[in-house]
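Novice: So here's structure.cif (mmCIF, N, CA and C atoms).
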```
data_work
loop_
_atom_site.label_atom_id
_atom_site.label_comp_id
_atom_site.auth_asym_id
_atom_site.auth_seq_id
_atom_site.Cartn_x
_atom_site.Cartn_y
_atom_site.Cartn_z
N MET I 1 -5.02 -36.34 18.78
CA MET I 1 -3.66 -35.97 18.47
C MET I 1 -3.58 -35.22 17.13
N SER I 2 -4.35 -35.69 16.16
CA SER I 2 -4.31 -35.01 14.86
C SER I 2 -4.96 -33.64 14.94
N ALA I 3 -5.91 -33.45 15.87
CA ALA I 3 -6.54 -32.14 16.04
C ALA I 3 -5.51 -31.12 16.54
N LEU I 4 -4.62 -31.54 17.43
CA LEU I 4 -3.56 -30.66 17.92
C LEU I 4 -2.58 -30.31 16.79
N ALA I 5 -2.29 -31.30 15.95
CA ALA I 5 -1.38 -31.03 14.83
C ALA I 5 -2.01 -30.04 13.85
N VAL I 6 -3.32 -30.19 13.59
CA VAL I 6 -4.01 -29.26 12.70
C VAL I 6 -4.06 -27.87 13.32
N LEU I 7 -4.28 -27.76 14.62
CA LEU I 7 -4.29 -26.47 15.31
C LEU I 7 -2.93 -25.80 15.21
N ALA I 8 -1.87 -26.55 15.46
CA ALA I 8 -0.52 -25.99 15.38
C ALA I 8 -0.20 -25.54 13.95
N LEU I 9 -0.58 -26.36 12.98
CA LEU I 9 -0.34 -26.00 11.59
C LEU I 9 -1.13 -24.76 11.19
N THR I 10 -2.35 -24.63 11.68
CA THR I 10 -3.18 -23.46 11.40
C THR I 10 -2.56 -22.19 11.98
N LEU I 11 -2.08 -22.27 13.21
CA LEU I 11 -1.44 -21.11 13.83
C LEU I 11 -0.17 -20.69 13.08
N ILE I 12 0.61 -21.67 12.65
CA ILE I 12 1.84 -21.37 11.92
C ILE I 12 1.51 -20.73 10.56
N LEU I 13 0.53 -21.29 9.86
CA LEU I 13 0.16 -20.75 8.56
C LEU I 13 -0.46 -19.36 8.67
N THR I 14 -1.18 -19.10 9.76
CA THR I 14 -1.75 -17.77 9.97
C THR I 14 -0.65 -16.73 10.12
N ARG I 15 0.35 -17.06 10.90
CA ARG I 15 1.49 -16.13 11.06
C ARG I 15 2.21 -15.93 9.73
N PHE I 16 2.37 -17.00 8.98
CA PHE I 16 3.04 -16.91 7.69
C PHE I 16 2.21 -16.08 6.72
N LEU I 17 0.90 -16.23 6.76
CA LEU I 17 0.01 -15.48 5.88
C LEU I 17 0.12 -13.98 6.15
N PHE I 18 0.16 -13.60 7.41
CA PHE I 18 0.30 -12.18 7.74
C PHE I 18 1.65 -11.65 7.26
N PHE I 19 2.69 -12.46 7.35
CA PHE I 19 4.00 -12.00 6.90
C PHE I 19 4.05 -11.89 5.38
N ILE I 20 3.28 -12.69 4.67
CA ILE I 20 3.23 -12.59 3.21
C ILE I 20 2.33 -11.45 2.77
N LEU I 21 1.19 -11.27 3.45
CA LEU I 21 0.26 -10.21 3.12
C LEU I 21 0.88 -8.83 3.34
N GLY I 22 1.63 -8.67 4.41
CA GLY I 22 2.26 -7.39 4.73
C GLY I 22 3.19 -6.89 3.64
N PRO I 23 4.17 -7.70 3.20
CA PRO I 23 5.04 -7.22 2.13
C PRO I 23 4.31 -7.00 0.80
N GLY I 24 3.29 -7.80 0.53
CA GLY I 24 2.54 -7.60 -0.71
C GLY I 24 1.85 -6.26 -0.74
N VAL I 25 1.19 -5.93 0.35
CA VAL I 25 0.52 -4.63 0.44
C VAL I 25 1.55 -3.52 0.56
N GLY I 26 2.63 -3.77 1.28
CA GLY I 26 3.70 -2.78 1.42
C GLY I 26 4.38 -2.46 0.10
N LEU I 27 4.46 -3.44 -0.79
CA LEU I 27 5.03 -3.20 -2.10
C LEU I 27 4.18 -2.21 -2.89
N LEU I 28 2.89 -2.38 -2.83
CA LEU I 28 1.99 -1.46 -3.53
C LEU I 28 2.04 -0.06 -2.91
N ILE I 29 2.03 0.00 -1.58
CA ILE I 29 2.08 1.29 -0.89
C ILE I 29 3.41 1.99 -1.15
N GLY I 30 4.50 1.25 -1.08
CA GLY I 30 5.82 1.84 -1.33
C GLY I 30 5.95 2.38 -2.75
N THR I 31 5.39 1.65 -3.71
CA THR I 31 5.44 2.11 -5.09
C THR I 31 4.64 3.38 -5.28
N ARG I 32 3.47 3.44 -4.67
CA ARG I 32 2.63 4.64 -4.79
C ARG I 32 3.27 5.83 -4.08
N LEU I 33 3.84 5.61 -2.89
CA LEU I 33 4.52 6.69 -2.19
C LEU I 33 5.73 7.18 -2.98
N PHE I 34 6.46 6.26 -3.58
CA PHE I 34 7.62 6.64 -4.40
C PHE I 34 7.18 7.49 -5.58
N THR I 35 6.05 7.13 -6.19
CA THR I 35 5.54 7.92 -7.32
C THR I 35 5.15 9.32 -6.87
N LEU I 36 4.53 9.42 -5.69
CA LEU I 36 4.11 10.74 -5.20
C LEU I 36 5.29 11.59 -4.74
N LEU I 37 6.29 10.98 -4.14
CA LEU I 37 7.39 11.74 -3.55
C LEU I 37 8.58 11.95 -4.47
N SER I 38 8.65 11.19 -5.56
CA SER I 38 9.80 11.28 -6.44
C SER I 38 9.74 12.57 -7.27
N SER I 39 10.85 13.24 -7.34
CA SER I 39 10.89 14.51 -8.08
C SER I 39 10.79 14.30 -9.58
N GLY I 40 11.20 13.16 -10.10
CA GLY I 40 11.15 12.93 -11.53
C GLY I 40 9.94 12.14 -11.97
N SER I 41 8.93 12.01 -11.10
CA SER I 41 7.79 11.17 -11.45
C SER I 41 6.90 11.80 -12.50
N GLU I 42 6.96 13.12 -12.67
CA GLU I 42 6.08 13.74 -13.66
C GLU I 42 6.44 13.32 -15.08
N SER I 43 7.70 13.01 -15.33
CA SER I 43 8.09 12.55 -16.66
C SER I 43 8.09 11.02 -16.74
N GLY I 44 7.78 10.36 -15.62
CA GLY I 44 7.78 8.91 -15.60
C GLY I 44 9.13 8.31 -15.30
N HIS I 45 10.13 9.16 -15.02
CA HIS I 45 11.49 8.68 -14.77
C HIS I 45 11.93 9.13 -13.39
N GLY I 46 11.64 8.34 -12.38
CA GLY I 46 12.11 8.64 -11.04
C GLY I 46 13.53 8.14 -10.87
N ASP I 47 14.12 8.42 -9.75
CA ASP I 47 15.45 7.94 -9.45
C ASP I 47 15.38 6.43 -9.21
N VAL I 48 15.95 5.68 -10.13
CA VAL I 48 15.82 4.22 -10.10
C VAL I 48 16.48 3.63 -8.86
N LEU I 49 17.65 4.11 -8.50
CA LEU I 49 18.36 3.58 -7.34
C LEU I 49 17.56 3.82 -6.06
N LEU I 50 17.00 5.01 -5.93
CA LEU I 50 16.17 5.32 -4.77
C LEU I 50 14.94 4.40 -4.73
N GLY I 51 14.34 4.18 -5.88
CA GLY I 51 13.18 3.29 -5.96
C GLY I 51 13.54 1.85 -5.59
N LEU I 52 14.72 1.40 -6.00
CA LEU I 52 15.15 0.03 -5.70
C LEU I 52 15.45 -0.17 -4.22
N VAL I 53 15.70 0.90 -3.50
CA VAL I 53 15.93 0.81 -2.06
C VAL I 53 14.65 1.10 -1.28
N PHE I 54 13.91 2.13 -1.69
CA PHE I 54 12.74 2.59 -0.94
C PHE I 54 11.58 1.59 -0.97
N VAL I 55 11.23 1.10 -2.12
CA VAL I 55 10.06 0.23 -2.26
C VAL I 55 10.25 -1.09 -1.50
N PRO I 56 11.37 -1.81 -1.65
CA PRO I 56 11.54 -3.03 -0.85
C PRO I 56 11.64 -2.76 0.65
N ALA I 57 12.20 -1.62 1.03
CA ALA I 57 12.29 -1.29 2.46
C ALA I 57 10.89 -1.12 3.05
N VAL I 58 10.01 -0.42 2.36
CA VAL I 58 8.63 -0.25 2.82
C VAL I 58 7.94 -1.61 2.88
N SER I 59 8.20 -2.45 1.90
CA SER I 59 7.59 -3.77 1.85
C SER I 59 8.01 -4.64 3.03
N ILE I 60 9.29 -4.64 3.36
CA ILE I 60 9.79 -5.45 4.48
C ILE I 60 9.26 -4.91 5.80
N VAL I 61 9.25 -3.60 5.97
CA VAL I 61 8.72 -3.01 7.19
C VAL I 61 7.25 -3.36 7.37
N CYS I 62 6.49 -3.30 6.28
CA CYS I 62 5.07 -3.67 6.35
C CYS I 62 4.90 -5.14 6.70
N GLY I 63 5.78 -5.99 6.23
CA GLY I 63 5.72 -7.41 6.58
C GLY I 63 5.90 -7.64 8.08
N PHE I 64 6.88 -6.99 8.67
CA PHE I 64 7.10 -7.13 10.11
C PHE I 64 5.98 -6.50 10.92
N LEU I 65 5.48 -5.35 10.47
CA LEU I 65 4.38 -4.71 11.19
C LEU I 65 3.10 -5.52 11.10
N ALA I 66 2.86 -6.15 9.96
CA ALA I 66 1.67 -6.99 9.82
C ALA I 66 1.77 -8.21 10.73
N SER I 67 2.97 -8.75 10.88
CA SER I 67 3.15 -9.88 11.79
C SER I 67 2.92 -9.48 13.24
N ARG I 68 3.25 -8.24 13.55
CA ARG I 68 3.14 -7.77 14.94
C ARG I 68 1.72 -7.33 15.31
N TRP I 69 1.09 -6.50 14.45
CA TRP I 69 -0.20 -5.92 14.82
C TRP I 69 -1.39 -6.53 14.08
N LYS I 70 -1.19 -7.51 13.29
CA LYS I 70 -2.19 -8.29 12.58
C LYS I 70 -3.42 -7.53 12.10
N HIS I 71 -4.55 -7.66 12.77
CA HIS I 71 -5.83 -7.20 12.24
C HIS I 71 -5.88 -5.68 12.01
N GLY I 72 -5.48 -4.90 12.98
CA GLY I 72 -5.53 -3.45 12.83
C GLY I 72 -4.64 -2.96 11.71
N PHE I 73 -3.45 -3.53 11.61
CA PHE I 73 -2.52 -3.13 10.55
C PHE I 73 -3.05 -3.54 9.18
N VAL I 74 -3.62 -4.73 9.10
CA VAL I 74 -4.15 -5.20 7.81
C VAL I 74 -5.32 -4.33 7.36
N VAL I 75 -6.17 -3.92 8.29
CA VAL I 75 -7.30 -3.05 7.93
C VAL I 75 -6.79 -1.75 7.33
N TRP I 76 -5.84 -1.11 7.99
CA TRP I 76 -5.36 0.19 7.51
C TRP I 76 -4.53 0.08 6.24
N THR I 77 -3.69 -0.95 6.13
CA THR I 77 -2.85 -1.06 4.93
C THR I 77 -3.66 -1.48 3.71
N THR I 78 -4.65 -2.34 3.89
CA THR I 78 -5.47 -2.68 2.73
C THR I 78 -6.32 -1.49 2.30
N ALA I 79 -6.76 -0.68 3.25
CA ALA I 79 -7.49 0.55 2.89
C ALA I 79 -6.57 1.51 2.15
N LEU I 80 -5.33 1.64 2.60
CA LEU I 80 -4.36 2.52 1.93
C LEU I 80 -4.02 2.00 0.54
N ALA I 81 -3.79 0.70 0.43
CA ALA I 81 -3.47 0.12 -0.88
C ALA I 81 -4.66 0.24 -1.83
N GLY I 82 -5.85 0.02 -1.33
CA GLY I 82 -7.04 0.15 -2.17
C GLY I 82 -7.25 1.56 -2.66
N SER I 83 -7.03 2.54 -1.78
CA SER I 83 -7.19 3.93 -2.22
C SER I 83 -6.10 4.32 -3.20
N ALA I 84 -4.90 3.78 -3.04
CA ALA I 84 -3.83 4.05 -4.00
C ALA I 84 -4.18 3.49 -5.38
N LEU I 85 -4.71 2.28 -5.40
CA LEU I 85 -5.12 1.69 -6.67
C LEU I 85 -6.27 2.46 -7.30
N LEU I 86 -7.22 2.88 -6.48
CA LEU I 86 -8.37 3.63 -6.98
C LEU I 86 -7.93 4.96 -7.60
N LEU I 87 -7.08 5.70 -6.90
CA LEU I 87 -6.61 6.98 -7.44
C LEU I 87 -5.77 6.81 -8.70
N ALA I 88 -4.93 5.77 -8.73
CA ALA I 88 -4.13 5.52 -9.93
C ALA I 88 -5.03 5.13 -11.10
N GLY I 89 -6.06 4.34 -10.84
CA GLY I 89 -6.98 3.95 -11.89
C GLY I 89 -7.79 5.12 -12.42
N VAL I 90 -8.28 5.97 -11.52
CA VAL I 90 -9.02 7.15 -11.94
C VAL I 90 -8.09 8.10 -12.71
N GLY I 91 -6.83 8.16 -12.31
CA GLY I 91 -5.87 9.01 -13.01
C GLY I 91 -5.61 8.56 -14.43
N HIS I 92 -5.79 7.28 -14.72
CA HIS I 92 -5.55 6.75 -16.06
C HIS I 92 -6.80 6.76 -16.94
N LEU I 93 -7.91 7.26 -16.45
CA LEU I 93 -9.13 7.27 -17.25
C LEU I 93 -9.05 8.20 -18.45
N GLY I 94 -8.38 9.31 -18.29
CA GLY I 94 -8.27 10.28 -19.38
C GLY I 94 -7.21 9.87 -20.38
N PRO I 95 -6.96 10.73 -21.37
CA PRO I 95 -5.91 10.43 -22.35
C PRO I 95 -4.53 10.66 -21.74
N GLY I 96 -3.79 9.62 -21.52
CA GLY I 96 -2.47 9.73 -20.91
C GLY I 96 -2.57 9.73 -19.40
N PRO I 97 -1.43 9.64 -18.72
CA PRO I 97 -1.46 9.64 -17.25
C PRO I 97 -1.91 10.99 -16.71
N GLY I 98 -2.89 10.96 -15.84
CA GLY I 98 -3.44 12.19 -15.29
C GLY I 98 -2.75 12.63 -14.02
N GLU I 99 -3.30 13.68 -13.43
CA GLU I 99 -2.72 14.25 -12.22
C GLU I 99 -2.80 13.29 -11.04
N LEU I 100 -3.83 12.47 -10.98
CA LEU I 100 -3.96 11.54 -9.85
C LEU I 100 -3.02 10.35 -9.99
N SER I 101 -2.60 10.07 -11.21
CA SER I 101 -1.71 8.94 -11.43
C SER I 101 -0.24 9.34 -11.25
N ARG I 102 0.15 10.40 -11.95
CA ARG I 102 1.52 10.92 -11.83
C ARG I 102 1.46 12.43 -11.70
N PRO I 103 1.44 12.94 -10.48
CA PRO I 103 1.36 14.39 -10.30
C PRO I 103 2.59 15.08 -10.85
N ASP I 104 2.37 16.22 -11.51
CA ASP I 104 3.51 16.91 -12.11
C ASP I 104 3.92 18.17 -11.35
N SER I 105 3.24 18.46 -10.25
CA SER I 105 3.64 19.62 -9.44
C SER I 105 3.46 19.27 -7.97
N THR I 106 4.01 20.12 -7.13
CA THR I 106 3.89 19.90 -5.69
C THR I 106 2.45 20.03 -5.25
N LEU I 107 1.72 20.97 -5.83
CA LEU I 107 0.32 21.16 -5.47
C LEU I 107 -0.52 19.94 -5.82
N SER I 108 -0.34 19.40 -7.01
CA SER I 108 -1.12 18.22 -7.39
C SER I 108 -0.71 17.00 -6.58
N ALA I 109 0.57 16.88 -6.21
CA ALA I 109 1.00 15.78 -5.36
C ALA I 109 0.39 15.91 -3.96
N THR I 110 0.28 17.14 -3.46
CA THR I 110 -0.35 17.37 -2.16
C THR I 110 -1.83 17.04 -2.20
N ILE I 111 -2.51 17.46 -3.26
CA ILE I 111 -3.94 17.15 -3.39
C ILE I 111 -4.14 15.64 -3.50
N THR I 112 -3.30 14.97 -4.28
CA THR I 112 -3.40 13.52 -4.41
C THR I 112 -3.14 12.84 -3.07
N GLY I 113 -2.18 13.34 -2.30
CA GLY I 113 -1.90 12.79 -0.98
C GLY I 113 -3.06 12.95 -0.02
N VAL I 114 -3.70 14.13 -0.05
CA VAL I 114 -4.86 14.36 0.82
C VAL I 114 -6.02 13.45 0.41
N LEU I 115 -6.25 13.30 -0.90
CA LEU I 115 -7.29 12.38 -1.36
C LEU I 115 -6.97 10.94 -0.97
N LEU I 116 -5.69 10.58 -1.04
CA LEU I 116 -5.25 9.23 -0.66
C LEU I 116 -5.55 8.97 0.82
N LEU I 117 -5.23 9.94 1.67
CA LEU I 117 -5.49 9.78 3.10
C LEU I 117 -6.98 9.77 3.41
N GLY I 118 -7.76 10.61 2.73
CA GLY I 118 -9.21 10.63 2.94
C GLY I 118 -9.86 9.32 2.53
N LEU I 119 -9.49 8.79 1.37
CA LEU I 119 -10.04 7.51 0.93
C LEU I 119 -9.58 6.36 1.84
N THR I 120 -8.36 6.46 2.36
CA THR I 120 -7.87 5.45 3.29
C THR I 120 -8.71 5.44 4.56
N TYR I 121 -9.01 6.62 5.08
CA TYR I 121 -9.83 6.72 6.28
C TYR I 121 -11.23 6.13 6.04
N LEU I 122 -11.83 6.48 4.90
CA LEU I 122 -13.15 5.93 4.58
C LEU I 122 -13.11 4.42 4.42
N GLY I 123 -12.07 3.91 3.75
CA GLY I 123 -11.93 2.48 3.56
C GLY I 123 -11.75 1.73 4.88
N ALA I 124 -10.98 2.30 5.79
CA ALA I 124 -10.78 1.67 7.11
C ALA I 124 -12.06 1.69 7.92
N ARG I 125 -12.83 2.78 7.82
CA ARG I 125 -14.11 2.86 8.53
C ARG I 125 -15.09 1.81 8.00
N VAL I 126 -15.12 1.63 6.71
CA VAL I 126 -16.02 0.62 6.12
C VAL I 126 -15.61 -0.77 6.58
N GLN I 127 -14.31 -1.05 6.62
CA GLN I 127 -13.86 -2.37 7.07
C GLN I 127 -14.16 -2.61 8.55
N ARG I 128 -14.09 -1.58 9.34
CA ARG I 128 -14.37 -1.74 10.78
C ARG I 128 -15.85 -1.97 11.07
N THR I 129 -16.73 -1.43 10.21
CA THR I 129 -18.16 -1.58 10.47
C THR I 129 -18.71 -2.91 9.96
N THR I 130 -17.99 -3.59 9.08
CA THR I 130 -18.50 -4.86 8.55
C THR I 130 -18.05 -6.02 9.37
#
```
Would you write out, as structure tokens, the structure that this file holds?
Specialist:
Amino acid sequence: MSALAVLALTLILTRFLFFILGPGVGLLIGTRLFTLLSSGSESGHGDVLLGLVFVPAVSIVCGFLASRWKHGFVVWTTALAGSALLLAGVGHLGPGPGELSRPDSTLSATITGVLLLGLTYLGARVQRTT
């Protein structure tokens, strides 16, 4: 009887874990997307109201999607979040925020986006092979 209770508790906690992991990763992805897409991000001052709506919306959507598609969604979102962190970290290596951290033109935002997608693809491939 206790084995059934432990099984039920494990299944419930697994679903809860995916719902918590999704918004956590979605928060990071939403913040990075907002930085790339915001017109005022080059000066460090994006539209605050838009950010307060956009970032939590991406986070909630990622939470529901993680609950629905579990493993495949987690592989791709963790790869995307990892590449976002990597590019932001590399962007901060120089003196002041660099082009990879806060792009100041449409061209640099496009290049950063392409690098973000390329690193995401590589990260997802590595996770699938392990």
Novice: Can you check which parts of range 1-103 of chain I lie within 5 Å of range 108-130 of chain I? Per residue, the shortest pair of atoms and distance in Å to one decimal, counting only N, CA and C atoms, sorted by chain and number, as a Markdown table.
Specialist:
```
| residue | atom | partner | partner_atom | distance |
| --- | --- | --- | --- | --- |
| I:Ala79 | C | I:Thr120 | CA | 4.3 |
| I:Leu80 | N | I:Thr120 | CA | 4.6 |
| I:Pro103 | CA | I:Ala109 | N | 4.9 |
```
Novice: Give me a file of those residues, with N, CA and C atoms, as a tab-separated table (two decimals), in the coordinates of the input.
Specialist:
```
chain	number	residue	atom	x	y	z
I	79	ALA	N	-6.76	-0.68	3.25
I	79	ALA	CA	-7.49	0.55	2.89
I	79	ALA	C	-6.57	1.51	2.15
I	80	LEU	N	-5.33	1.64	2.60
I	80	LEU	CA	-4.36	2.52	1.93
I	80	LEU	C	-4.02	2.00	0.54
I	103	PRO	N	1.44	12.94	-10.48
I	103	PRO	CA	1.36	14.39	-10.30
I	103	PRO	C	2.59	15.08	-10.85
```
Novice: List as a PyMOL selection string the residues having at least one atom at most 12 Å from position (11.8, -6.9, -1.4) as given in the file, counting only C-alpha atoms.
Specialist: chain I and resi 20+22-28+30-31+51-63
Novice: Quote the spacing between CA of Lys70 in chain I and atom C of Leu13 in chain I in Å to one decimal place.
Specialist: 11.9 Å
Novice: In Å to one decimal, how far is CA of Leu93 in chain I from CA of Leu37 in chain I?
Specialist: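 A separation of 21.9 Å between them.
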Novice: Return the single residue from I:Ile29, I:Leu17, I:Ala3, I:Leu36 that is closest to Thr77 in chain I, with distances computed using only N, CA and C atoms.
Specialist: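 Among the listed residues, the smallest separation from Thr77 in chain I belongs to I:Ile29.
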Novice: Hey, can you check how far atom N of Asp47 in chain I sits from CA of Phe34 in chain I?
Specialist: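 Separation between atom N of Asp47 in chain I and CA of Phe34 in chain I: 8.6 Å.
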Novice: So which bits of chain I end up helix (DSSP H, G or I) when you DSSP the backbone, as a VMD selection string?
Specialist: chain I and resid 2 to 37 41 to 43 48 to 91 106 to 129
Novice: Can you work out which one of I:Leu21, I:Arg32, I:Leu4, I:Leu107 has the shortest atom-to-atom distance to Leu85 in chain I, counting all atoms listed in the file?
Specialist: I:Arg32
Novice: Restricting the calculation to only C-alpha atoms: of I:Arg102, I:Leu33, I:Phe18, I:Val90, which residue gets closest to Val75 in chain I?
Specialist: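 Closest candidate: I:Phe18.
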